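Heads up, the thing below is written out as structure tokens.
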Amino acid sequence: MDALTDIIGLLRPQTVLTGSMSASGRWGVRVPPQPGPTFYFVMEGCCWCGIGDDRPFELRRGDCVLSARPERDTFRSDPDVPVVLSDDAFKERHRVDGEFRIGDATAPPACRIVGGLIVCDPANADLLVGLLPRLIQVRGEDDVGERLRWLVGTIGEETGAARAGREAVLSRLIEILLIELLRREAASLSPHVGVLAGLADPRLAKALALIHGDVGRGWTVAELAGRAGMSRSVFARRFAEAVGVAPVEYLLDWRMALAKDALLRGDGSMEEIAEAVGYRSASAFSTAFAARVGGPPSRYAGAVRAGAAR
């Protein structure tokens with residue numbers, strides 16, 4: 001799992017709680033599009049959840065959902081209840097004691113949901129979406145192992161408490177939960193196309209570990225195939241089918257991911273960054289970077305910071 005550890009380390013994910021919603025009676029809301037993958041935890045009761053255009057499915061207390069591309073996620077008391085957009089203005093009109101409260105205001109809450117947005121370093125935030133299937137669902141009663149069960153339970157306890165440092169603790173707990181969910185997906189029988197699918201195959205995982213372990217090396221398909229114990233043609237085909245790109249393309253993508261992170265953090269001169277990611281000169285690196293990222297490395301960090309400030 002070294003490649004997964006490398007990617008998560010590069011992303012430095014943190015979680016920002018997007019709020020708590022309680023509901024009773026008949027109700028339905030559509031979550032506004034979110035700028036990144038989002039967790040939803042059912043802390044009390046039950047509801048029906050729809051991710052994108054999929055048919056709604058029931059969630060109960062203790063269940064957790066991770067939506068990789070939250071654009072039209074919905075929650076309702078029943079599958080056929082119409083939904084309203086829960087934008088900022090709607091939430092403000094329905095805020096009670098710091099919580100978003102909808103449905104029958106005269107009845108005690110029958111359902112409570114907490115949401116959390118995963119925020120990554122802007123240099124490579126797109127890597128996380130590439131790692132994730134569109135939906136990861138964990139049932140409270142699933143046999144997911146003690147660690148996941150403990151994490152979901154502890155997140156529920158921390159959410160309901162008014163302790164000092166609550167936001168920081170929840171952010172770290174959800175970060176660990178994210179890693180555990182990705183491990184679980186990688187170990188599943190049919191992970192979606194991407195790095196997780198590559199990690200699910202021991203021989204492809206070895207090749208990914210080699211690339212990550214020496215990104216500056218001029219790896220060839222034949223060399224990676226030999227180290228993975230496969231023929232060149234079989235390795236190239238299986239790598240592309242599982243990961244979604246050819247081995248050399250993945251190597252170049254990972255080089256650029258590391259370079260973007262170094263540029264954004266000011267870690268070294270252009271010559272040092274170029275050498276670290278496998279280029280013999282700053283000019284060769286600059287040409288490759290501009291071709292793959294869309295602009296020269298000399299202006300990259302400023303452009304990212306300007307975009308984040310808008």
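To be explicit about the labels: the chains of the structure tokens are called A, B, and onward in the order shown, and within each one the residues are counted from 1, while ligands get numbers from 1 in the order they are shown.
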Review point. Skipping near chain neighbours, those fewer than 3 positions away, what residues fall within 7 Å of Ala222 in chain A using only C-alpha atoms, listed as a ChimeraX atom specification?
Key: /A:225-226,232
Point to revise | Shell around Val138 in chain A at 7 Å using only C-alpha atoms, local window under 5 positions removed, as a list in words | key: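 Neighbouring residues, sequence-local ones excluded: Asp63, Cys64 and Val65 of chain A.
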**Study point:** Residues within 10 Å of range 39-48 of chain A, only C-alpha atoms, excluding chain neighbours under 4 positions, as a ChimeraX atom specification
**Key:** /A:15,17-18,20-24,27-28,55-68,70,74-81,109-118,136-138,140,152-153,155-157,159-160,174,178
Point to revise | Counting only C-alpha atoms, the option among A:Val96, A:Ala186, A:Val83, A:Ile102 closest to Leu4 in chain A | key: A:Ala186
Practice item. Have a look at A:Val31, A:Asp73, A:Arg184, A:Gln14 and name the one nearest to Gly52 in chain A; count only C-alpha atoms. Key: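 Closest candidate: A:Asp73.
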**Study point:** For Ala228 in chain A: contacts at 10 Å, only C-alpha atoms, fewer than 4 positions along chain excluded, given as number ranges by chain
**Key:** A: 202-208, 210, 222-224, 232, 235
Take the residues that were just selected and, keeping N, CA, C and O atoms, output them as a PDB file, in the first residue's frame.
ATOM      1  N   PRO A 202      -1.471  -7.693  -6.852  1.00  0.00           N
ATOM      2  CA  PRO A 202      -0.140  -7.650  -6.220  1.00  0.00           C
ATOM      3  C   PRO A 202       0.989  -7.308  -7.178  1.00  0.00           C
ATOM      4  O   PRO A 202       1.925  -6.596  -6.816  1.00  0.00           O
ATOM      5  N   ARG A 203       0.905  -7.790  -8.423  1.00  0.00           N
ATOM      6  CA  ARG A 203       2.004  -7.523  -9.363  1.00  0.00           C
ATOM      7  C   ARG A 203       1.968  -6.079  -9.875  1.00  0.00           C
ATOM      8  O   ARG A 203       3.014  -5.435 -10.012  1.00  0.00           O
ATOM      9  N   LEU A 204       0.775  -5.555 -10.113  1.00  0.00           N
ATOM     10  CA  LEU A 204       0.674  -4.150 -10.490  1.00  0.00           C
ATOM     11  C   LEU A 204       1.040  -3.255  -9.308  1.00  0.00           C
ATOM     12  O   LEU A 204       1.648  -2.193  -9.487  1.00  0.00           O
ATOM     13  N   ALA A 205       0.670  -3.686  -8.107  1.00  0.00           N
ATOM     14  CA  ALA A 205       1.018  -2.919  -6.911  1.00  0.00           C
ATOM     15  C   ALA A 205       2.531  -2.814  -6.765  1.00  0.00           C
ATOM     16  O   ALA A 205       3.060  -1.784  -6.338  1.00  0.00           O
ATOM     17  N   LYS A 206       3.236  -3.871  -7.125  1.00  0.00           N
ATOM     18  CA  LYS A 206       4.705  -3.840  -7.059  1.00  0.00           C
ATOM     19  C   LYS A 206       5.253  -2.810  -8.033  1.00  0.00           C
ATOM     20  O   LYS A 206       6.176  -2.045  -7.705  1.00  0.00           O
ATOM     21  N   ALA A 207       4.681  -2.756  -9.236  1.00  0.00           N
ATOM     22  CA  ALA A 207       5.125  -1.772 -10.218  1.00  0.00           C
ATOM     23  C   ALA A 207       4.839  -0.350  -9.749  1.00  0.00           C
ATOM     24  O   ALA A 207       5.672   0.553  -9.917  1.00  0.00           O
ATOM     25  N   LEU A 208       3.664  -0.136  -9.155  1.00  0.00           N
ATOM     26  CA  LEU A 208       3.336   1.185  -8.621  1.00  0.00           C
ATOM     27  C   LEU A 208       4.305   1.582  -7.513  1.00  0.00           C
ATOM     28  O   LEU A 208       4.748   2.735  -7.440  1.00  0.00           O
ATOM     29  N   LEU A 210       7.384   0.598  -7.232  1.00  0.00           N
ATOM     30  CA  LEU A 210       8.666   0.910  -7.854  1.00  0.00           C
ATOM     31  C   LEU A 210       8.671   2.327  -8.411  1.00  0.00           C
ATOM     32  O   LEU A 210       9.642   3.074  -8.240  1.00  0.00           O
ATOM     33  N   ALA A 222       9.160  -2.375 -20.279  1.00  0.00           N
ATOM     34  CA  ALA A 222       9.800  -3.684 -20.207  1.00  0.00           C
ATOM     35  C   ALA A 222      10.433  -3.914 -18.839  1.00  0.00           C
ATOM     36  O   ALA A 222      10.344  -5.019 -18.279  1.00  0.00           O
ATOM     37  N   GLU A 223      11.066  -2.885 -18.291  1.00  0.00           N
ATOM     38  CA  GLU A 223      11.720  -3.033 -16.991  1.00  0.00           C
ATOM     39  C   GLU A 223      10.688  -3.241 -15.885  1.00  0.00           C
ATOM     40  O   GLU A 223      10.852  -4.112 -15.020  1.00  0.00           O
ATOM     41  N   LEU A 224       9.623  -2.454 -15.892  1.00  0.00           N
ATOM     42  CA  LEU A 224       8.572  -2.606 -14.882  1.00  0.00           C
ATOM     43  C   LEU A 224       7.900  -3.971 -15.006  1.00  0.00           C
ATOM     44  O   LEU A 224       7.607  -4.621 -13.994  1.00  0.00           O
ATOM     45  N   ARG A 232       5.905  -8.082 -21.189  1.00  0.00           N
ATOM     46  CA  ARG A 232       5.711  -6.660 -21.461  1.00  0.00           C
ATOM     47  C   ARG A 232       4.288  -6.371 -21.923  1.00  0.00           C
ATOM     48  O   ARG A 232       3.644  -5.437 -21.448  1.00  0.00           O
ATOM     49  N   PHE A 235       1.638  -7.007 -19.125  1.00  0.00           N
ATOM     50  CA  PHE A 235       1.752  -5.965 -18.097  1.00  0.00           C
ATOM     51  C   PHE A 235       1.161  -4.649 -18.588  1.00  0.00           C
ATOM     52  O   PHE A 235       0.373  -4.011 -17.879  1.00  0.00           O
TER      53      PHE A 235
END
Check your understanding: Got a sec to tell me which of range 87-306 of chain A DSSP assigns to strand (DSSP E or B), as a list in words?
Key -> Arg95, Val96, Glu99, Phe100, Arg101, Ile102, Gly103, Cys111, Arg112, Ile113, Val114, Gly115, Gly116, Leu117, Ile118, Val119, Leu135, Ile136, Gln137 and Val138 of chain A
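Of the residues under consideration (A:Pro296, A:His192, A:Ile179, A:Gly218), A:Ile179 shows the shortest atom-to-atom contact distance to Asp6 in chain A when counting only C-alpha atoms.
Considering the residues A:Cys120, A:Gly19, A:Asp261, A:Asp253 and counting only C-alpha atoms, Glu99 in chain A has its shortest atom-to-atom contact with A:Gly19.
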Practice item. Apply DSSP to the backbone of this structure and, from range 28-247 of chain A, keep only the residues in alpha helix (DSSP H); write these as a ChimeraX atom specification. Key: /A:88-93,126-131,145-159,166-187,195-200,202-213,221-227,232-243,247
**Study point:** Distance in Å - CA of Arg172 in chain A versus CA of Leu132 in chain A
**Key:** 19.0 Å
**Study point:** Selection near Pro32 in chain A, 8 Å with only C-alpha atoms, sequence-local residues under 5 positions removed, as an MDAnalysis selection string
**Key:** chainID A and resid 71:73 85:87
Restrict the selected residues to N, CA, C and O atoms and save them as a short mmCIF file (atom, residue, chain, number, x, y, z; two decimals), in the first residue's frame.
data_model
loop_
_atom_site.label_atom_id
_atom_site.label_comp_id
_atom_site.auth_asym_id
_atom_site.auth_seq_id
_atom_site.Cartn_x
_atom_site.Cartn_y
_atom_site.Cartn_z
N GLU A 71 -22.76 16.62 -6.48
CA GLU A 71 -23.37 17.67 -7.30
C GLU A 71 -24.89 17.73 -7.14
O GLU A 71 -25.47 18.80 -7.19
N ARG A 72 -25.52 16.55 -6.95
CA ARG A 72 -26.98 16.51 -6.81
C ARG A 72 -27.38 15.52 -5.73
O ARG A 72 -28.37 14.80 -5.90
N ASP A 73 -26.67 15.49 -4.63
CA ASP A 73 -26.99 14.55 -3.56
C ASP A 73 -28.26 14.98 -2.84
O ASP A 73 -28.47 16.17 -2.57
N LEU A 85 -33.72 22.85 -2.59
CA LEU A 85 -32.28 23.11 -2.51
C LEU A 85 -31.94 23.72 -1.15
O LEU A 85 -32.48 24.76 -0.77
N SER A 86 -31.04 23.06 -0.44
CA SER A 86 -30.66 23.57 0.90
C SER A 86 -29.45 24.49 0.78
O SER A 86 -28.36 24.19 1.27
N ASP A 87 -29.65 25.63 0.09
CA ASP A 87 -28.57 26.60 -0.05
C ASP A 87 -28.43 27.42 1.22
O ASP A 87 -29.14 27.20 2.22
#
Practice item. May I have the residues within 8 Å of range 268-281 of chain A as a PyMOL selection string, using only C-alpha atoms and disregarding those fewer than 2 positions away in the same chain? Key: chain A and resi 215-218+255-256+258-259+262-263+266+283-285
